[in-house]
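*Asks:* Next comes my_file_38.pdb, PDB, C-alpha atoms:
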ATOM      1  CA  MET A  20      31.159  -0.454 -30.913
ATOM      2  CA  GLY A  21      33.388  -2.071 -33.493
ATOM      3  CA  LEU A  22      35.049   1.224 -34.502
ATOM      4  CA  LEU A  23      35.918   2.153 -30.936
ATOM      5  CA  GLU A  24      36.955  -1.188 -29.527
ATOM      6  CA  GLU A  25      40.517  -1.557 -28.252
ATOM      7  CA  LYS A  26      41.494   1.971 -29.348
ATOM      8  CA  PHE A  27      42.046   3.659 -25.951
ATOM      9  CA  GLU A  28      44.296   3.358 -22.925
ATOM     10  CA  ASP A  29      42.294   4.149 -19.759
ATOM     11  CA  ASN A  30      38.731   5.155 -20.543
ATOM     12  CA  ILE A  31      37.133   7.753 -18.338
ATOM     13  CA  ILE A  32      33.732   9.385 -18.558
ATOM     14  CA  VAL A  33      33.365  12.757 -16.917
ATOM     15  CA  ALA A  34      29.845  13.559 -15.731
ATOM     16  CA  SER A  35      28.155  14.759 -12.609
ATOM     17  CA  PHE A  36      27.388  11.990 -10.155
ATOM     18  CA  ASP A  37      23.822  13.193  -9.965
ATOM     19  CA  LYS A  38      23.279  12.582 -13.666
ATOM     20  CA  ILE A  39      24.880   9.153 -13.589
ATOM     21  CA  LEU A  40      22.738   8.208 -10.627
ATOM     22  CA  SER A  41      19.486   9.214 -12.291
ATOM     23  CA  TRP A  42      20.592   7.607 -15.563
ATOM     24  CA  ALA A  43      21.282   4.348 -13.738
ATOM     25  CA  ARG A  44      17.945   4.514 -11.981
ATOM     26  CA  SER A  45      16.040   5.272 -15.155
ATOM     27  CA  THR A  46      17.475   2.343 -17.098
ATOM     28  CA  SER A  47      16.602  -0.344 -14.594
ATOM     29  CA  PRO A  48      13.280   0.332 -12.931
ATOM     30  CA  TRP A  49      12.245  -3.096 -11.719
ATOM     31  CA  PHE A  50       8.519  -3.332 -11.550
ATOM     32  CA  PHE A  51       6.264  -4.864  -8.979
ATOM     33  CA  GLN A  52       3.726  -7.281 -10.423
ATOM     34  CA  PHE A  53       0.362  -5.969  -9.436
ATOM     35  CA  GLY A  54      -2.238  -7.533 -11.710
ATOM     36  CA  LEU A  55      -5.693  -6.920 -10.288
ATOM     37  CA  ALA A  56      -7.970  -7.479 -13.281
ATOM     38  CA  CYS A  57      -7.940  -7.799 -17.074
ATOM     39  CA  CYS A  58      -5.181  -5.141 -17.391
ATOM     40  CA  ALA A  59      -2.872  -7.791 -15.952
ATOM     41  CA  ILE A  60      -3.270  -9.760 -19.201
ATOM     42  CA  GLU A  61      -1.903  -6.818 -21.184
ATOM     43  CA  LEU A  62       0.818  -6.398 -18.574
ATOM     44  CA  MET A  63       1.777 -10.038 -19.114
ATOM     45  CA  ALA A  64       1.711  -9.550 -22.882
ATOM     46  CA  THR A  65       4.009  -6.554 -22.458
ATOM     47  CA  GLY A  66       6.429  -8.638 -20.448
ATOM     48  CA  ALA A  67       6.307 -11.573 -22.867
ATOM     49  CA  SER A  68       8.524 -12.151 -25.888
ATOM     50  CA  ARG A  69       6.721 -10.044 -28.533
ATOM     51  CA  HIS A  70       6.984  -6.771 -26.637
ATOM     52  CA  ASP A  71       9.669  -7.830 -24.166
ATOM     53  CA  LEU A  72       9.836  -5.355 -21.305
ATOM     54  CA  SER A  73      13.287  -6.506 -20.228
ATOM     55  CA  ARG A  74      14.824  -4.772 -23.247
ATOM     56  CA  ILE A  75      14.142  -1.436 -21.520
ATOM     57  CA  GLY A  76      15.575  -2.765 -18.291
ATOM     58  CA  MET A  77      12.367  -3.723 -16.542
ATOM     59  CA  ILE A  78      12.245  -7.033 -14.720
ATOM     60  CA  PRO A  79       9.173  -8.258 -12.860
ATOM     61  CA  ARG A  80       9.614  -8.633  -9.121
ATOM     62  CA  SER A  81       7.262 -10.372  -6.772
ATOM     63  CA  SER A  82       8.290  -8.588  -3.613
ATOM     64  CA  PRO A  83       7.744  -4.885  -2.916
ATOM     65  CA  ARG A  84      11.146  -4.771  -1.209
ATOM     66  CA  GLN A  85      12.932  -5.397  -4.502
ATOM     67  CA  ALA A  86      10.803  -3.197  -6.728
ATOM     68  CA  ASP A  87      11.118   0.431  -7.851
ATOM     69  CA  VAL A  88       7.902   0.799  -9.832
ATOM     70  CA  MET A  89       4.454  -0.383  -8.904
ATOM     71  CA  ILE A  90       2.240  -0.911 -11.957
ATOM     72  CA  VAL A  91      -1.314  -0.898 -10.637
ATOM     73  CA  ALA A  92      -3.009  -2.907 -13.380
ATOM     74  CA  GLY A  93      -6.730  -3.249 -12.879
ATOM     75  CA  THR A  94      -9.762  -2.437 -10.775
ATOM     76  CA  VAL A  95      -8.881  -1.373  -7.248
ATOM     77  CA  THR A  96     -11.547  -2.441  -4.783
ATOM     78  CA  MET A  97     -11.905  -0.896  -1.354
ATOM     79  CA  LYS A  98     -10.597  -4.087   0.210
ATOM     80  CA  MET A  99      -7.530  -3.949  -2.034
ATOM     81  CA  ALA A 100      -6.952  -0.220  -1.491
ATOM     82  CA  LEU A 101      -5.745  -0.780   2.059
ATOM     83  CA  ARG A 102      -3.355  -3.462   0.865
ATOM     84  CA  ILE A 103      -2.052  -1.269  -1.971
ATOM     85  CA  LYS A 104      -1.229   1.399   0.575
ATOM     86  CA  LYS A 105       0.579  -1.121   2.751
ATOM     87  CA  LEU A 106       2.546  -2.564  -0.176
ATOM     88  CA  TYR A 107       3.474   0.917  -1.384
ATOM     89  CA  GLU A 108       4.814   1.733   2.068
ATOM     90  CA  GLN A 109       6.889  -1.455   1.993
ATOM     91  CA  MET A 110       8.718  -0.422  -1.191
ATOM     92  CA  ALA A 111      12.169   1.118  -0.797
ATOM     93  CA  ASP A 112      12.825   4.677  -1.974
ATOM     94  CA  PRO A 113      12.941   5.856  -4.730
ATOM     95  CA  LYS A 114       9.549   4.465  -5.656
ATOM     96  CA  TYR A 115       7.164   5.233  -8.482
ATOM     97  CA  VAL A 116       3.597   4.290  -9.316
ATOM     98  CA  ILE A 117       2.019   3.764 -12.722
ATOM     99  CA  SER A 118      -1.745   3.728 -12.883
ATOM    100  CA  MET A 119      -2.591   1.413 -15.763
ATOM    101  CA  GLY A 120      -6.007   1.557 -17.385
ATOM    102  CA  SER A 121      -9.273   3.373 -16.730
ATOM    103  CA  CYS A 122     -10.156   1.490 -13.560
ATOM    104  CA  ALA A 123      -6.978   2.293 -11.700
ATOM    105  CA  THR A 124      -7.067   5.885 -12.967
ATOM    106  CA  SER A 125     -10.673   6.856 -12.236
ATOM    107  CA  GLY A 126     -12.758   3.800 -11.380
ATOM    108  CA  GLY A 127     -13.437   3.064 -15.056
ATOM    109  CA  PRO A 128     -16.871   1.590 -15.746
ATOM    110  CA  TYR A 129     -17.531   1.476 -11.996
ATOM    111  CA  TRP A 130     -16.841   5.166 -11.431
ATOM    112  CA  GLN A 131     -20.466   6.097 -10.713
ATOM    113  CA  TYR A 132     -22.332   3.108  -9.311
ATOM    114  CA  GLY A 133     -19.600   0.768  -8.114
ATOM    115  CA  TYR A 134     -20.006   0.959  -4.358
ATOM    116  CA  HIS A 135     -16.939  -1.189  -3.749
ATOM    117  CA  VAL A 136     -14.479   0.343  -6.245
ATOM    118  CA  LEU A 137     -11.899   2.968  -5.394
ATOM    119  CA  LYS A 138     -12.356   5.950  -7.730
ATOM    120  CA  GLY A 139      -8.751   6.241  -8.778
ATOM    121  CA  VAL A 140      -5.684   4.778  -7.126
ATOM    122  CA  ASP A 141      -4.345   8.331  -6.675
ATOM    123  CA  ILE A 142      -6.634   8.625  -3.641
ATOM    124  CA  VAL A 143      -4.374   6.273  -1.667
ATOM    125  CA  VAL A 144      -0.915   6.468  -3.315
ATOM    126  CA  PRO A 145       0.835   9.204  -5.373
ATOM    127  CA  VAL A 146       0.785   8.349  -9.083
ATOM    128  CA  ASP A 147       3.585   9.329 -11.477
ATOM    129  CA  VAL A 148       2.214   8.244 -14.856
ATOM    130  CA  TYR A 149      -1.354   7.510 -15.921
ATOM    131  CA  VAL A 150      -1.775   5.125 -18.855
ATOM    132  CA  PRO A 151      -5.260   5.441 -20.410
ATOM    133  CA  GLY A 152      -7.083   2.586 -22.105
ATOM    134  CA  CYS A 153      -9.425  -0.230 -21.250
ATOM    135  CA  PRO A 154      -7.181  -2.136 -21.146
ATOM    136  CA  PRO A 155      -4.210  -0.239 -22.638
ATOM    137  CA  ARG A 156      -2.360  -2.055 -25.398
ATOM    138  CA  PRO A 157       1.241  -3.048 -24.657
ATOM    139  CA  GLU A 158       2.396  -0.142 -26.855
ATOM    140  CA  SER A 159       0.558   2.323 -24.608
ATOM    141  CA  LEU A 160       2.033   0.790 -21.492
ATOM    142  CA  ILE A 161       5.543   0.930 -22.968
ATOM    143  CA  GLU A 162       4.920   4.589 -23.872
ATOM    144  CA  GLY A 163       3.962   5.210 -20.251
ATOM    145  CA  LEU A 164       7.056   3.425 -19.013
ATOM    146  CA  ILE A 165       9.289   5.449 -21.311
ATOM    147  CA  LYS A 166       7.632   8.616 -19.989
ATOM    148  CA  LEU A 167       8.432   7.413 -16.486
ATOM    149  CA  GLN A 168      12.040   6.745 -17.503
ATOM    150  CA  GLU A 169      12.255  10.306 -18.855
ATOM    151  CA  LYS A 170      10.920  11.582 -15.576
ATOM    152  CA  ILE A 171      13.479   9.620 -13.577
ATOM    153  CA  LEU A 172      16.254  10.700 -15.949
ATOM    154  CA  ASN A 173      15.465  14.362 -15.340
ATOM    155  CA  GLU A 174      15.504  14.006 -11.579
ATOM    156  CA  ARG A 175      18.518  15.353  -9.690
ATOM    157  CA  PRO A 176      18.362  13.374  -6.443
ATOM    158  CA  LEU A 177      21.562  14.773  -4.902
ATOM    159  CA  THR A 178      21.122  18.442  -5.793
ATOM    160  CA  LYS A 179      19.940  20.777  -3.083
ATOM    161  CA  LYS A 180      16.432  21.949  -3.804
ATOM    162  CA  ALA A 181      15.792  25.690  -3.907
ATOM    163  CA  ALA A 182      13.823  26.642  -0.827
TER     164      ALA A 182
ATOM    165  CA  MET B   4     -41.363 -35.438 -14.611
ATOM    166  CA  ILE B   5     -38.778 -35.169 -11.844
ATOM    167  CA  HIS B   6     -40.671 -32.095 -10.733
ATOM    168  CA  GLU B   7     -43.847 -34.080 -10.022
ATOM    169  CA  GLN B   8     -41.818 -36.858  -8.457
ATOM    170  CA  VAL B   9     -40.178 -34.484  -5.972
ATOM    171  CA  LEU B  10     -43.548 -32.873  -5.188
ATOM    172  CA  LYS B  11     -45.068 -36.284  -4.540
ATOM    173  CA  CYS B  12     -42.177 -37.429  -2.339
ATOM    174  CA  LEU B  13     -42.181 -34.243  -0.277
ATOM    175  CA  ARG B  14     -45.967 -34.269   0.202
ATOM    176  CA  LYS B  15     -45.751 -37.839   1.422
ATOM    177  CA  LYS B  16     -42.663 -37.538   3.578
ATOM    178  CA  PHE B  17     -43.015 -33.963   4.871
ATOM    179  CA  PRO B  18     -46.694 -33.021   4.799
ATOM    180  CA  GLY B  19     -47.287 -29.269   4.902
ATOM    181  CA  SER B  20     -43.773 -28.405   3.790
ATOM    182  CA  ILE B  21     -44.729 -27.210   0.291
ATOM    183  CA  VAL B  22     -46.283 -23.788  -0.278
ATOM    184  CA  GLU B  23     -49.490 -24.991  -1.943
ATOM    185  CA  THR B  24     -51.076 -22.666  -4.461
ATOM    186  CA  GLU B  25     -53.928 -23.232  -6.917
ATOM    187  CA  GLU B  26     -51.607 -23.182  -9.845
ATOM    188  CA  MET B  27     -48.343 -24.820  -8.891
ATOM    189  CA  PRO B  28     -45.318 -23.358 -10.717
ATOM    190  CA  ALA B  29     -43.908 -25.740 -13.281
ATOM    191  CA  ASP B  30     -40.209 -24.975 -12.997
ATOM    192  CA  PHE B  31     -39.526 -24.663  -9.292
ATOM    193  CA  ILE B  32     -40.818 -25.880  -5.921
ATOM    194  CA  PRO B  33     -41.672 -23.301  -3.256
ATOM    195  CA  ILE B  34     -41.318 -24.691   0.255
ATOM    196  CA  TYR B  35     -41.466 -23.384   3.818
ATOM    197  CA  GLN B  36     -38.207 -23.060   5.676
ATOM    198  CA  LYS B  37     -39.367 -25.255   8.578
ATOM    199  CA  ASN B  38     -37.585 -28.660   8.426
ATOM    200  CA  TRP B  39     -35.481 -27.410   5.526
ATOM    201  CA  ALA B  40     -32.344 -29.165   6.781
ATOM    202  CA  GLU B  41     -34.170 -32.516   6.992
ATOM    203  CA  ILE B  42     -35.781 -32.033   3.591
ATOM    204  CA  ALA B  43     -32.383 -31.222   2.106
ATOM    205  CA  ALA B  44     -30.840 -34.356   3.590
ATOM    206  CA  PHE B  45     -33.770 -36.347   2.180
ATOM    207  CA  LEU B  46     -33.284 -34.860  -1.295
ATOM    208  CA  ARG B  47     -29.657 -35.909  -1.203
ATOM    209  CA  ASP B  48     -30.067 -39.394   0.250
ATOM    210  CA  ASP B  49     -33.291 -40.719  -1.299
ATOM    211  CA  PRO B  50     -32.229 -43.349  -3.884
ATOM    212  CA  ASP B  51     -34.783 -42.164  -6.466
ATOM    213  CA  LEU B  52     -33.906 -38.478  -6.155
ATOM    214  CA  ARG B  53     -30.203 -38.487  -5.144
ATOM    215  CA  PHE B  54     -29.502 -34.764  -5.648
ATOM    216  CA  ASP B  55     -25.816 -35.158  -4.926
ATOM    217  CA  SER B  56     -24.732 -31.830  -6.399
ATOM    218  CA  LEU B  57     -25.702 -28.418  -5.075
ATOM    219  CA  GLN B  58     -25.000 -26.140  -8.010
ATOM    220  CA  CYS B  59     -25.954 -22.698  -6.811
ATOM    221  CA  ILE B  60     -27.541 -20.727  -3.992
ATOM    222  CA  THR B  61     -29.010 -17.378  -4.964
ATOM    223  CA  GLY B  62     -30.501 -14.639  -2.856
ATOM    224  CA  VAL B  63     -33.211 -12.397  -4.293
ATOM    225  CA  ASP B  64     -34.617  -9.227  -2.770
ATOM    226  CA  LEU B  65     -38.208  -8.870  -3.980
ATOM    227  CA  GLY B  66     -38.835  -5.563  -2.224
ATOM    228  CA  GLU B  67     -42.119  -5.619  -0.319
ATOM    229  CA  GLU B  68     -42.627  -9.338  -0.865
ATOM    230  CA  GLY B  69     -39.621 -10.159   1.273
ATOM    231  CA  MET B  70     -36.551 -12.078   0.223
ATOM    232  CA  ASP B  71     -36.003 -15.421  -1.442
ATOM    233  CA  VAL B  72     -33.262 -17.989  -1.224
ATOM    234  CA  ARG B  73     -33.112 -20.230  -4.272
ATOM    235  CA  TYR B  74     -31.267 -23.534  -4.541
ATOM    236  CA  ASN B  75     -30.366 -25.350  -7.728
ATOM    237  CA  PHE B  76     -29.745 -29.057  -7.372
ATOM    238  CA  HIS B  77     -28.497 -31.560  -9.884
ATOM    239  CA  SER B  78     -28.189 -35.311  -9.675
ATOM    240  CA  MET B  79     -25.044 -36.826 -11.123
ATOM    241  CA  THR B  80     -26.589 -40.272 -10.752
ATOM    242  CA  HIS B  81     -29.940 -39.706 -12.463
ATOM    243  CA  LEU B  82     -29.025 -36.585 -14.461
ATOM    244  CA  HIS B  83     -32.040 -34.568 -13.378
ATOM    245  CA  LYS B  84     -32.281 -31.194 -11.737
ATOM    246  CA  ILE B  85     -34.626 -29.107  -9.642
ATOM    247  CA  GLU B  86     -34.961 -25.617  -8.202
ATOM    248  CA  ILE B  87     -36.186 -25.011  -4.636
ATOM    249  CA  ARG B  88     -37.340 -21.579  -3.493
ATOM    250  CA  ILE B  89     -37.703 -20.567   0.140
ATOM    251  CA  SER B  90     -38.903 -17.128   1.140
ATOM    252  CA  VAL B  91     -37.512 -15.394   4.205
ATOM    253  CA  ASP B  92     -38.640 -12.383   6.178
ATOM    254  CA  SER B  93     -36.772  -9.165   5.265
ATOM    255  CA  GLU B  94     -36.878  -7.823   8.817
ATOM    256  CA  ASN B  95     -35.299 -10.874  10.409
ATOM    257  CA  PRO B  96     -33.898 -13.013   7.559
ATOM    258  CA  LYS B  97     -33.013 -16.447   8.867
ATOM    259  CA  ILE B  98     -32.908 -19.854   7.250
ATOM    260  CA  PRO B  99     -31.493 -23.245   8.287
ATOM    261  CA  SER B 100     -28.033 -23.914   6.907
ATOM    262  CA  ILE B 101     -27.346 -26.860   4.603
ATOM    263  CA  GLU B 102     -23.598 -26.377   4.767
ATOM    264  CA  GLN B 103     -23.069 -29.732   6.482
ATOM    265  CA  ILE B 104     -25.174 -31.610   3.925
ATOM    266  CA  TRP B 105     -23.410 -30.291   0.811
ATOM    267  CA  ARG B 106     -19.961 -28.976   1.751
ATOM    268  CA  VAL B 107     -19.994 -26.624  -1.256
ATOM    269  CA  GLY B 108     -22.838 -24.787   0.461
ATOM    270  CA  ASP B 109     -20.300 -23.259   2.830
ATOM    271  CA  TRP B 110     -19.088 -20.577   0.419
ATOM    272  CA  PHE B 111     -22.449 -20.228  -1.340
ATOM    273  CA  GLU B 112     -24.131 -19.393   1.939
ATOM    274  CA  ARG B 113     -21.359 -17.031   2.930
ATOM    275  CA  GLU B 114     -21.821 -15.190  -0.373
ATOM    276  CA  VAL B 115     -25.580 -14.838   0.118
ATOM    277  CA  TYR B 116     -24.913 -13.671   3.669
ATOM    278  CA  ASP B 117     -22.359 -11.178   2.350
ATOM    279  CA  MET B 118     -24.747  -9.635  -0.175
ATOM    280  CA  TYR B 119     -28.150  -9.906   1.561
ATOM    281  CA  GLY B 120     -27.440 -10.352   5.271
ATOM    282  CA  ILE B 121     -29.461 -13.570   5.420
ATOM    283  CA  ILE B 122     -28.408 -15.543   8.503
ATOM    284  CA  PHE B 123     -27.873 -19.243   7.839
ATOM    285  CA  ASP B 124     -28.656 -20.965  11.120
ATOM    286  CA  GLY B 125     -26.146 -23.668  11.921
ATOM    287  CA  HIS B 126     -23.407 -22.508   9.547
ATOM    288  CA  ARG B 127     -20.097 -23.099  11.308
ATOM    289  CA  ASP B 128     -18.161 -20.167   9.865
ATOM    290  CA  LEU B 129     -20.610 -17.490   8.741
ATOM    291  CA  ARG B 130     -18.621 -14.381   7.842
ATOM    292  CA  ARG B 131     -18.276 -12.151   4.791
ATOM    293  CA  ILE B 132     -16.532 -13.758   1.845
ATOM    294  CA  LEU B 133     -16.002 -11.007  -0.760
ATOM    295  CA  LEU B 134     -16.354  -7.687   1.018
ATOM    296  CA  PRO B 135     -14.056  -6.586   3.849
ATOM    297  CA  ASP B 136     -15.023  -7.937   7.267
ATOM    298  CA  ASP B 137     -15.843  -4.465   8.602
ATOM    299  CA  TRP B 138     -18.041  -3.371   5.672
ATOM    300  CA  GLU B 139     -21.378  -1.827   6.644
ATOM    301  CA  GLY B 140     -24.662  -2.932   5.100
ATOM    302  CA  TRP B 141     -25.812  -5.536   2.582
ATOM    303  CA  PRO B 142     -25.110  -4.301  -0.974
ATOM    304  CA  LEU B 143     -27.670  -6.255  -3.019
ATOM    305  CA  ARG B 144     -30.655  -5.296  -0.870
ATOM    306  CA  LYS B 145     -33.100  -2.846  -2.434
ATOM    307  CA  ASP B 146     -32.739  -0.358   0.439
ATOM    308  CA  TYR B 147     -28.933  -0.435   0.486
ATOM    309  CA  GLU B 148     -27.156   2.853   0.974
ATOM    310  CA  THR B 149     -23.421   2.994   0.495
ATOM    311  CA  GLN B 150     -21.412   4.062   3.491
ATOM    312  CA  GLU B 151     -19.706   7.458   3.285
ATOM    313  CA  THR B 152     -16.156   6.446   4.123
ATOM    314  CA  PHE B 153     -14.166   3.251   4.505
ATOM    315  CA  HIS B 154     -11.043   3.552   6.677
ATOM    316  CA  GLY B 155     -10.833   7.239   5.786
ATOM    317  CA  ILE B 156     -11.320   6.656   2.041
ATOM    318  CA  VAL B 157     -14.359   8.381   0.531
ATOM    319  CA  VAL B 158     -16.612   5.707  -0.990
ATOM    320  CA  PRO B 159     -19.122   7.484  -3.318
ATOM    321  CA  LYS B 160     -17.976   9.304  -6.421
ATOM    322  CA  VAL B 161     -15.741  12.238  -5.691
ATOM    323  CA  LYS B 162     -15.063  13.370  -9.261
ATOM    324  CA  GLU B 163     -18.534  14.830  -9.879
ATOM    325  CA  GLU B 164     -17.342  17.464 -12.328
ATOM    326  CA  TRP B 165     -16.300  14.686 -14.702
ATOM    327  CA  GLU B 166     -19.899  14.205 -15.778
TER     328      GLU B 166
END
So that I can check it, write out the structure of this file as C-alpha cells.
*Replies:*
Amino acid sequence: MGLLEEKFEDNIIVASFDKILSWARSTSPWFFQFGLACCAIELMATGASRHDLSRIGMIPRSSPRQADVMIVAGTVTMKMALRIKKLYEQMADPKYVISMGSCATSGGPYWQYGYHVLKGVDIVVPVDVYVPGCPPRPESLIEGLIKLQEKILNERPLTKKAA
Amino acid sequence: MIHEQVLKCLRKKFPGSIVETEEMPADFIPIYQKNWAEIAAFLRDDPDLRFDSLQCITGVDLGEEGMDVRYNFHSMTHLHKIEIRISVDSENPKIPSIEQIWRVGDWFEREVYDMYGIIFDGHRDLRRILLPDDWEGWPLRKDYETQETFHGIVVPKVKEEWE
C-alpha cells in the first residue's frame, strides 16, 4: 500500500452492492465448532498457529447463532443426527455446511455394518463442500474452505433469479 | 492362589453358589446368580479378599448356550484380582444388580443393558447409556436385526451402488 498511501482526496469504489455483499460474506465465514471424532483433531490443527485459519477470515464460534459455516468433522451417529439437524436449523441465514472426512461424507469405515452411523451427513442437512480424507490433512480442509469461499463469492444474493 | 482362596471362602460361606464341574476352570469362577448381591458384598467386605475395585462388567452372547455376565474385580489392598462369570437365560435375562455395592457398577450395568438387554434387578436408574432412549433392539445380541428407520432416517446402507 506504500505507493498509494496519502495520494488521493476522497476515495470511492464503484461496484454493485450484490458483489460487495458476497465478497464480504466470503471473506469472513465464521465456523461452528463441530468436532465429533478424530477429524476434530485435524480441525484443531487447522485452527492452530501453523495453519492458522483466521488468516482467511475464519473464527471458531461455539454457538450456532453466531456461525455461518458448520464444519461437520467426524462420525455422525444416529443419536447425533437429530441434534445436527436441530443445530443447523438454529443457524442464521446464509448458512453453509462442510462435510469433513469420510465418515461425515458417506459413513466411512462404518458405511456397511455400522448400525448406529448415519451414512453421510447429506441425508439430514444440505452439504456445500465435501472434503475427502480419513482424516483430511489441514491442507485439504483449507482447500475445501477456499472452494466454499469461491462459491460464496460467486453468489448474487440480491439479484432476482430467473424463473 | 487367590483363585483357590475365593473358591474356598465361597464354598464355606455360600454353599451351592458355585457351578461345580469336574474340571474347575483355572482363570475364572462360574457362579449361580442366586444370592449374587450378598456374595458381591462379601467379596468386597471380607478382610482377606477385599475386592474394593470393580474394573469391568462384560456381557457375552454365546448363542444357544445363553448369555454371560462377567465381572472383573481387583483389590487395591491386596493387589489380587479375580473374574466371576454368571450365566443368564437369553429368553428372560435378569440378574441382581451390584450397583449399590460398587458405585461404578451403575454405568457398567447400564452399558450391558444397552447392548444386550440384560435387566439388572435393583438398579435404581436402568436406562440406555450410549444409544438413543427410543432405539429398538439390543445391538450386540447374535439375533439382532437393525431397525429400518430412526425418526425418518433410513438406518441400513442406502448407497448400495457404491460397492
*Asks:* Can you translate the PyMOL selection byres ((chain A and resi 56) around 7) into the concrete residues it hits in this file, as a compact mmCIF listing (two decimals) with C-alpha atoms, in the coordinates of the input?
*Replies:*
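That gives us selection27.txt:
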# COMPACT_ATOMS: atom_id res chain seq x y z
CA GLY A 54 -2.24 -7.53 -11.71
CA LEU A 55 -5.69 -6.92 -10.29
CA CYS A 57 -7.94 -7.80 -17.07
CA CYS A 58 -5.18 -5.14 -17.39
CA ALA A 59 -2.87 -7.79 -15.95
CA ALA A 92 -3.01 -2.91 -13.38
CA GLY A 93 -6.73 -3.25 -12.88
CA THR A 94 -9.76 -2.44 -10.78
*Asks:* Would you kindly return, as a list in words, each protein, DNA or RNA residue with an atom no farther than 12 Å from any atom of A:Thr178, considering all atoms listed in the file and excluding same-chain residues fewer than 2 positions away?
*Replies:*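 Close residues of A:Thr178: Ser35, Phe36, Asp37, Lys38, Leu40, Ser41, Asn173, Glu174, Arg175, Pro176, Lys180 and Ala181 of chain A.
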*Asks:* Could the residues in this selection be saved with C-alpha atoms as a PDB file, keeping the file's coordinate frame?
*Replies:*
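Just written: selection-v5.pdb:
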ATOM      1  CA  SER A  35      28.155  14.759 -12.609  1.00  0.00           C
ATOM      2  CA  PHE A  36      27.388  11.990 -10.155  1.00  0.00           C
ATOM      3  CA  ASP A  37      23.822  13.193  -9.965  1.00  0.00           C
ATOM      4  CA  LYS A  38      23.279  12.582 -13.666  1.00  0.00           C
ATOM      5  CA  LEU A  40      22.738   8.208 -10.627  1.00  0.00           C
ATOM      6  CA  SER A  41      19.486   9.214 -12.291  1.00  0.00           C
ATOM      7  CA  ASN A 173      15.465  14.362 -15.340  1.00  0.00           C
ATOM      8  CA  GLU A 174      15.504  14.006 -11.579  1.00  0.00           C
ATOM      9  CA  ARG A 175      18.518  15.353  -9.690  1.00  0.00           C
ATOM     10  CA  PRO A 176      18.362  13.374  -6.443  1.00  0.00           C
ATOM     11  CA  LYS A 180      16.432  21.949  -3.804  1.00  0.00           C
ATOM     12  CA  ALA A 181      15.792  25.690  -3.907  1.00  0.00           C
TER      13      ALA A 181
END
*Asks:* Name the residues captured by the PyMOL selection byres ((chain A and resi 73-82) around 12) when it is applied to the shown file; answer as a PyMOL selection string.
*Replies:* chain A and resi 42-54+62-63+65-72+83-90+106-107+109-111+161-162+164-165+167-168
*Asks:* What would the selection look like, as a VMD selection string, if the PyMOL selection byres ((chain A) within 10 of (chain B)) were run on the coordinates I just shared?
*Replies:* chain A and resid 96 to 101 125 to 126 129 to 139 142 to 143
*Asks:* Using Å and a single decimal, report how far atom CA of B:Arg73 sits from atom CA of B:Glu139.
*Replies:*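 Atom CA of B:Arg73 lies at a distance of 24.4 Å from atom CA of B:Glu139.
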*Asks:* In Å, how far is it from atom CA of B:Thr61 to atom CA of B:Asn75?
*Replies:*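 For atom CA of B:Thr61 relative to atom CA of B:Asn75, the distance reads 8.5 Å.
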*Asks:* Can you pull out the residues contacting B:Cys12? Cut-off 12 Å, using all atoms listed in the file, and skip same-chain residues under 2 positions away; I want them as a list in words.
*Replies:*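 Near neighbours after the sequence-gap exclusion: Ile5, His6, Glu7, Gln8, Val9, Leu10, Arg14, Lys15, Lys16, Phe17, Pro18, Ser20, Ile21, Ile42, Phe45, Leu46, Asp49, Pro50, Asp51 and Leu52 of chain B.
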*Asks:* Here's a test: counting only C-alpha atoms, identify every protein, DNA and RNA residue with an atom at most 7 Å from (-30.3, -13.1, 1.4) in the file's coordinate frame, and state them as a PDB file with C-alpha atoms, in the coordinates of the input.
*Replies:*
ATOM      1  CA  GLY B  62     -30.501 -14.639  -2.856  1.00  0.00           C
ATOM      2  CA  VAL B  63     -33.211 -12.397  -4.293  1.00  0.00           C
ATOM      3  CA  MET B  70     -36.551 -12.078   0.223  1.00  0.00           C
ATOM      4  CA  ASP B  71     -36.003 -15.421  -1.442  1.00  0.00           C
ATOM      5  CA  VAL B  72     -33.262 -17.989  -1.224  1.00  0.00           C
ATOM      6  CA  VAL B 115     -25.580 -14.838   0.118  1.00  0.00           C
ATOM      7  CA  TYR B 116     -24.913 -13.671   3.669  1.00  0.00           C
ATOM      8  CA  MET B 118     -24.747  -9.635  -0.175  1.00  0.00           C
ATOM      9  CA  TYR B 119     -28.150  -9.906   1.561  1.00  0.00           C
ATOM     10  CA  GLY B 120     -27.440 -10.352   5.271  1.00  0.00           C
ATOM     11  CA  ILE B 121     -29.461 -13.570   5.420  1.00  0.00           C
TER      12      ILE B 121
END
